[in-house]
Protein chains: 2
Amino acid sequence: MSLREIADSQSFWLKGDGPEADIIFSSRIRLARNLRGFIFPPWADSLTLKRVSEKVLDAIKRCNYLKNARLIDMNKLSSIERGFLLERHLISVEFSRGGSHRFLVVQQGEMLSVMINEEDHLRLQTIFSGLQLREAWRVANKLDDELSEHLDYAFSPQFGYLTSCPTNVGTGMRASCMVHLPALVMAGKINELLKGISQLGLVARGLYGEGTASHGDFFQISNQVTLGLKEEEVVDNVERVTRQVVGQERKAREILLKRNGAQLKDQIGRAYGILTNAHLISSQEAINLLSKLRMGVSLHLLPEFDMKVLNELLFLIGPAQLQIKSGKNLDASSRDELRAKIIREKLTGSY
Amino acid sequence: MSLREIADSQSFWLKGDGPEADIIFSSRIRLARNLRGFIFPPWADSLTLKRVSEKVLDAIKRCNYLKNARLIDMNKLSSIERGFLLERHLISVEFSRGGSHRFLVVQQGEMLSVMINEEDHLRLQTIFSGLQLREAWRVANKLDDELSEHLDYAFSPQFGYLTSCPTNVGTGMRASCMVHLPALVMAGKINELLKGISQLGLVARGLYGEGTASHGDFFQISNQVTLGLKEEEVVDNVERVTRQVVGQERKAREILLKRNGAQLKDQIGRAYGILTNAHLISSQEAINLLSKLRMGVSLHLLPEFDMKVLNELLFLIGPAQLQIKSGKNLDASSRDELRAKIIREKLTGSY
């Protein structure tokens, strides 16, 4: 199958139609599951990986929740194609290295997906627009229930779900919200906030998960502990803290607007002016400017913009996206040119 | 009289309708004249200055070329008002310091003006759009002829017109063209060019005359020698060299477009985007961006723009212009805000 079809289709979680979507991009639930009697992927031989993948794929076929899902064999992808899936938040950095008997199953709209033979035998992911962590959890649960009818999960009455890495043992769940906090960054309050989050047993990371730098103004807030807490408690906890963060971001925006309104309007105006008129733009600069634009729209300092367009531009202008979309390898300056063109056209509505 | 009227009226020489006006802003002739029997202004006492000014003003009243001209008593102006006249190229830095018995006479449209008791008793100025040095000279000559009917000029058969500073003795004439050379600046060729100009007996200076830095991409090319050459030769010389400079600028633009077309389009697009969307802008940044915009229009890399609008923005957004226009003292950040607003509105045609 061609990834081009995915490139041309919509990521539903980018629609920006969820609650608080001007600050909370998305709510994500990830469940780690393993099959009883099979060694965890990092230590498994090729035959084991093969047998696991066959079992899981067979179970997935019987799953109502994954009807019509696309099956992608990671081993058949080029590095650009793997980068494409990573940029779209469909796979992890670890998985993007590829390898035999590794598969991605992704439902249309990309709100539901399963990685097979990542760090665990299965990694289920649901991702929703805005603050919809409970809904994401509900759907992940349903999918998990369906799969468990056909698969024998490694589960210990004492510890819960067993996982490759001890930090995931227990619920095997990670609940996370991706948030946009430009005003807290501008006001120099972000480090204090991130520290506060970690004291609450949660963790704030960059956009592409563990070990990656945050993209300017964008952060992921997620639970650190999977053991000894009920899933519901974890979801509640992440949701509550995220709501507090949103409150602080709104407060910071209000203060900025009051104290530095002219500067803020200027920066947002310039961001809009550059994005709609540049002919070369790096992804880093584009993300920084789109971040300002996004805040400007939320603060009504700019004419109405479809949040979906801004979200898609933020996530779908990475180097791999551009190359898959255009169907060819592009050097850095050609990418900068194409990126600028896409942004211009999308923002001025002539795309 | 109020300078506000001047602020609200047009500078005809900024219309941009002269030959080669996309590169040559203006052609200017300045004649230095003194009255026989009166000491030069820098050494004159107050009574002498008074008598000179009375004689000159009396002659000017009888002058057809200066009918309906405005008379401005420099002594009655605030420093902002004097700065305003300097920014509009109506007076020199020296004259902008003010003082008793110093007057500016300026014809509507600002193409014709006379400073009284500057360094010389009279300084006649004509300024035309584009490359029209001969026309500017013709008009200056006529004005000079008219005035000389009513005034007894200090003239030596051996040296010509006598002037306060020896560098002006002879014709008393300075012929200059104001040129816009962004591509030569970008290509790093400008210093070589300026050096070449000085070897031809001409001089290249910044926008506001002697001792001022050039404003980024804008230069004045003028004659250095006033003694031993006929006025016609001087005019021819300045015009010929200016034409050569224009040729080099066009060549440099062509090469830039061929070799760095994407970068050039990007820079010009960004300049347009920032100018039409910024809410705070310093005059230095505005001039730099307007310079790019001007080149972009000339190279047809942007939609059609009225050159007049760009020229007026370049010359009429200085600190003093803004304060006279708005009728009040403005601090730096208020000026930056008003400047950005004027630029936005003028460029988007909603002014």
# chains A, B, ... in the order shown; residues from 1 in each chain; ligands from 1

call {"tool": "select_by_dssp", "arguments": {"residues": "stretch 165-345 of chain B", "states": "alpha helix (DSSP H)", "output": "ChimeraX atom specification"}}
result
/B:182-186,190-199,231-275,283-298,307-315,319-326,332-345

call {"tool": "residues_around", "arguments": {"residues": "A:Arg253", "least_positions_apart": "6", "cutoff": "9 Å", "atoms": "only C-alpha atoms", "output": "number ranges by chain"}}
result
A: 182-184, 187, 295, 299

call {"tool": "interface_residues", "arguments": {"of": "chain A", "to": "chain B", "cutoff": "9 Å", "atoms": "only C-alpha atoms", "output": "list in words"}}
result
Ala262, Gln263, Leu264, Lys265, Asp266, Gln267, Ile268, Gly269, Arg270, Ala271, Tyr272, Gly273, Ile274, Leu275, Thr276, Asn277, Ala278, His279, Leu280, Ile281 and Glu337 of chain A

call {"tool": "residues_around", "arguments": {"residues": "B:Gly201", "least_positions_apart": "3", "cutoff": "9 Å", "atoms": "only C-alpha atoms", "output": "ChimeraX atom specification"}}
result
/B:197-198,223-225

call {"tool": "write_last_selection", "arguments": {"atoms": "all heavy atoms", "output": "compact mmCIF listing (two decimals), in the first residue's frame"}}
result
# COMPACT_ATOMS: atom_id res chain seq x y z
N ILE B 197 33.17 55.92 -8.12
CA ILE B 197 32.51 57.21 -8.30
C ILE B 197 33.41 58.35 -7.83
O ILE B 197 33.54 59.38 -8.50
CB ILE B 197 31.16 57.24 -7.54
CG1 ILE B 197 30.15 56.33 -8.25
CG2 ILE B 197 30.62 58.66 -7.42
CD1 ILE B 197 28.84 56.15 -7.52
N SER B 198 34.09 58.13 -6.70
CA SER B 198 34.94 59.21 -6.18
C SER B 198 36.15 59.44 -7.08
O SER B 198 36.68 60.53 -7.16
CB SER B 198 35.36 58.90 -4.74
OG SER B 198 36.34 57.88 -4.74
N ASN B 223 28.30 66.11 -7.67
CA ASN B 223 29.61 66.62 -8.06
C ASN B 223 30.35 67.16 -6.85
O ASN B 223 29.75 67.63 -5.89
CB ASN B 223 29.47 67.74 -9.10
CG ASN B 223 28.70 68.93 -8.55
OD1 ASN B 223 27.61 68.76 -8.00
ND2 ASN B 223 29.25 70.13 -8.70
N GLN B 224 31.69 67.08 -6.91
CA GLN B 224 32.50 67.59 -5.82
C GLN B 224 33.09 68.95 -6.21
O GLN B 224 33.24 69.83 -5.38
CB GLN B 224 33.64 66.59 -5.55
CG GLN B 224 34.33 66.78 -4.25
CD GLN B 224 34.75 65.44 -3.65
OE1 GLN B 224 34.96 64.47 -4.37
NE2 GLN B 224 34.84 65.37 -2.34
N VAL B 225 33.35 69.09 -7.49
CA VAL B 225 34.05 70.28 -7.98
C VAL B 225 33.06 71.31 -8.50
O VAL B 225 32.13 70.98 -9.22
CB VAL B 225 35.02 69.87 -9.12
CG1 VAL B 225 35.76 71.09 -9.65
CG2 VAL B 225 35.99 68.81 -8.62

call {"tool": "residues_around", "arguments": {"residues": "B:Ser46", "least_positions_apart": "3", "cutoff": "8 Å", "atoms": "only C-alpha atoms", "output": "ChimeraX atom specification"}}
result
/B:49-50,100-101

call {"tool": "atom_distance", "arguments": {"atom1": "atom CA of B:Gly130", "atom2": "atom CA of B:Gln323"}}
result
28.4 Å

call {"tool": "residues_around", "arguments": {"residues": "A:Leu200", "least_positions_apart": "3", "cutoff": "12 Å", "atoms": "only C-alpha atoms", "output": "PyMOL selection string"}}
result
chain A and resi 193-197+203-204+221-225+234+237-238+240-242

call {"tool": "closest_residue", "arguments": {"among": "B:Gly349, B:Ala320, B:Glu231, B:Met115", "to": "B:Arg335", "atoms": "only C-alpha atoms"}}
result
B:Ala320

call {"tool": "select_by_dssp", "arguments": {"residues": "stretch 143-180 of chain B", "states": "strand (DSSP E or B)", "output": "MDAnalysis selection string"}}
result
chainID B and resid 153 155:156 160:161 170 173:180

call {"tool": "residues_around", "arguments": {"residues": "B:Ser326", "least_positions_apart": "4", "cutoff": "10 Å", "atoms": "only C-alpha atoms", "output": "number ranges by chain"}}
result
B: 4, 7, 320-322, 330, 335, 338

call {"tool": "closest_residue", "arguments": {"among": "B:Asn260, B:Thr226, B:Ser291, B:Ser156", "to": "B:Met307", "atoms": "only C-alpha atoms"}}
result
B:Ser291

call {"tool": "residues_around", "arguments": {"residues": "A:Val105", "least_positions_apart": "6", "cutoff": "6 Å", "atoms": "only C-alpha atoms", "output": "list in words"}}
result
Arg70, Leu71, Ser113 and Val114 of chain A

call {"tool": "write_last_selection", "arguments": {"atoms": "N, CA, C and O atoms", "output": "short mmCIF file (atom, residue, chain, number, x, y, z; two decimals), in the first residue's frame"}}
result
data_model
loop_
_atom_site.label_atom_id
_atom_site.label_comp_id
_atom_site.auth_asym_id
_atom_site.auth_seq_id
_atom_site.Cartn_x
_atom_site.Cartn_y
_atom_site.Cartn_z
N ARG A 70 -5.80 0.02 7.85
CA ARG A 70 -4.68 -0.28 6.95
C ARG A 70 -3.62 -1.05 7.72
O ARG A 70 -3.35 -0.75 8.88
N LEU A 71 -3.02 -2.00 7.02
CA LEU A 71 -1.93 -2.77 7.62
C LEU A 71 -0.63 -2.35 6.94
O LEU A 71 -0.52 -2.40 5.71
N SER A 113 -4.92 3.14 16.47
CA SER A 113 -3.86 2.41 15.78
C SER A 113 -3.21 1.40 16.73
O SER A 113 -3.35 1.50 17.96
N VAL A 114 -2.54 0.44 16.14
CA VAL A 114 -1.85 -0.58 16.92
C VAL A 114 -0.46 -0.79 16.33
O VAL A 114 -0.33 -0.96 15.12
#

call {"tool": "closest_residue", "arguments": {"among": "B:Ile190, B:Leu35, B:Val185, B:Leu293", "to": "B:Leu256", "atoms": "only C-alpha atoms"}}
result
B:Val185

call {"tool": "closest_residue", "arguments": {"among": "A:Tyr65, A:Trp43, A:Trp137, A:Phe38", "to": "A:Asp236", "atoms": "only C-alpha atoms"}}
result
A:Trp137

call {"tool": "atom_distance", "arguments": {"atom1": "atom CA of B:Ile39", "atom2": "atom CA of B:Arg82"}}
result
25.2 Å
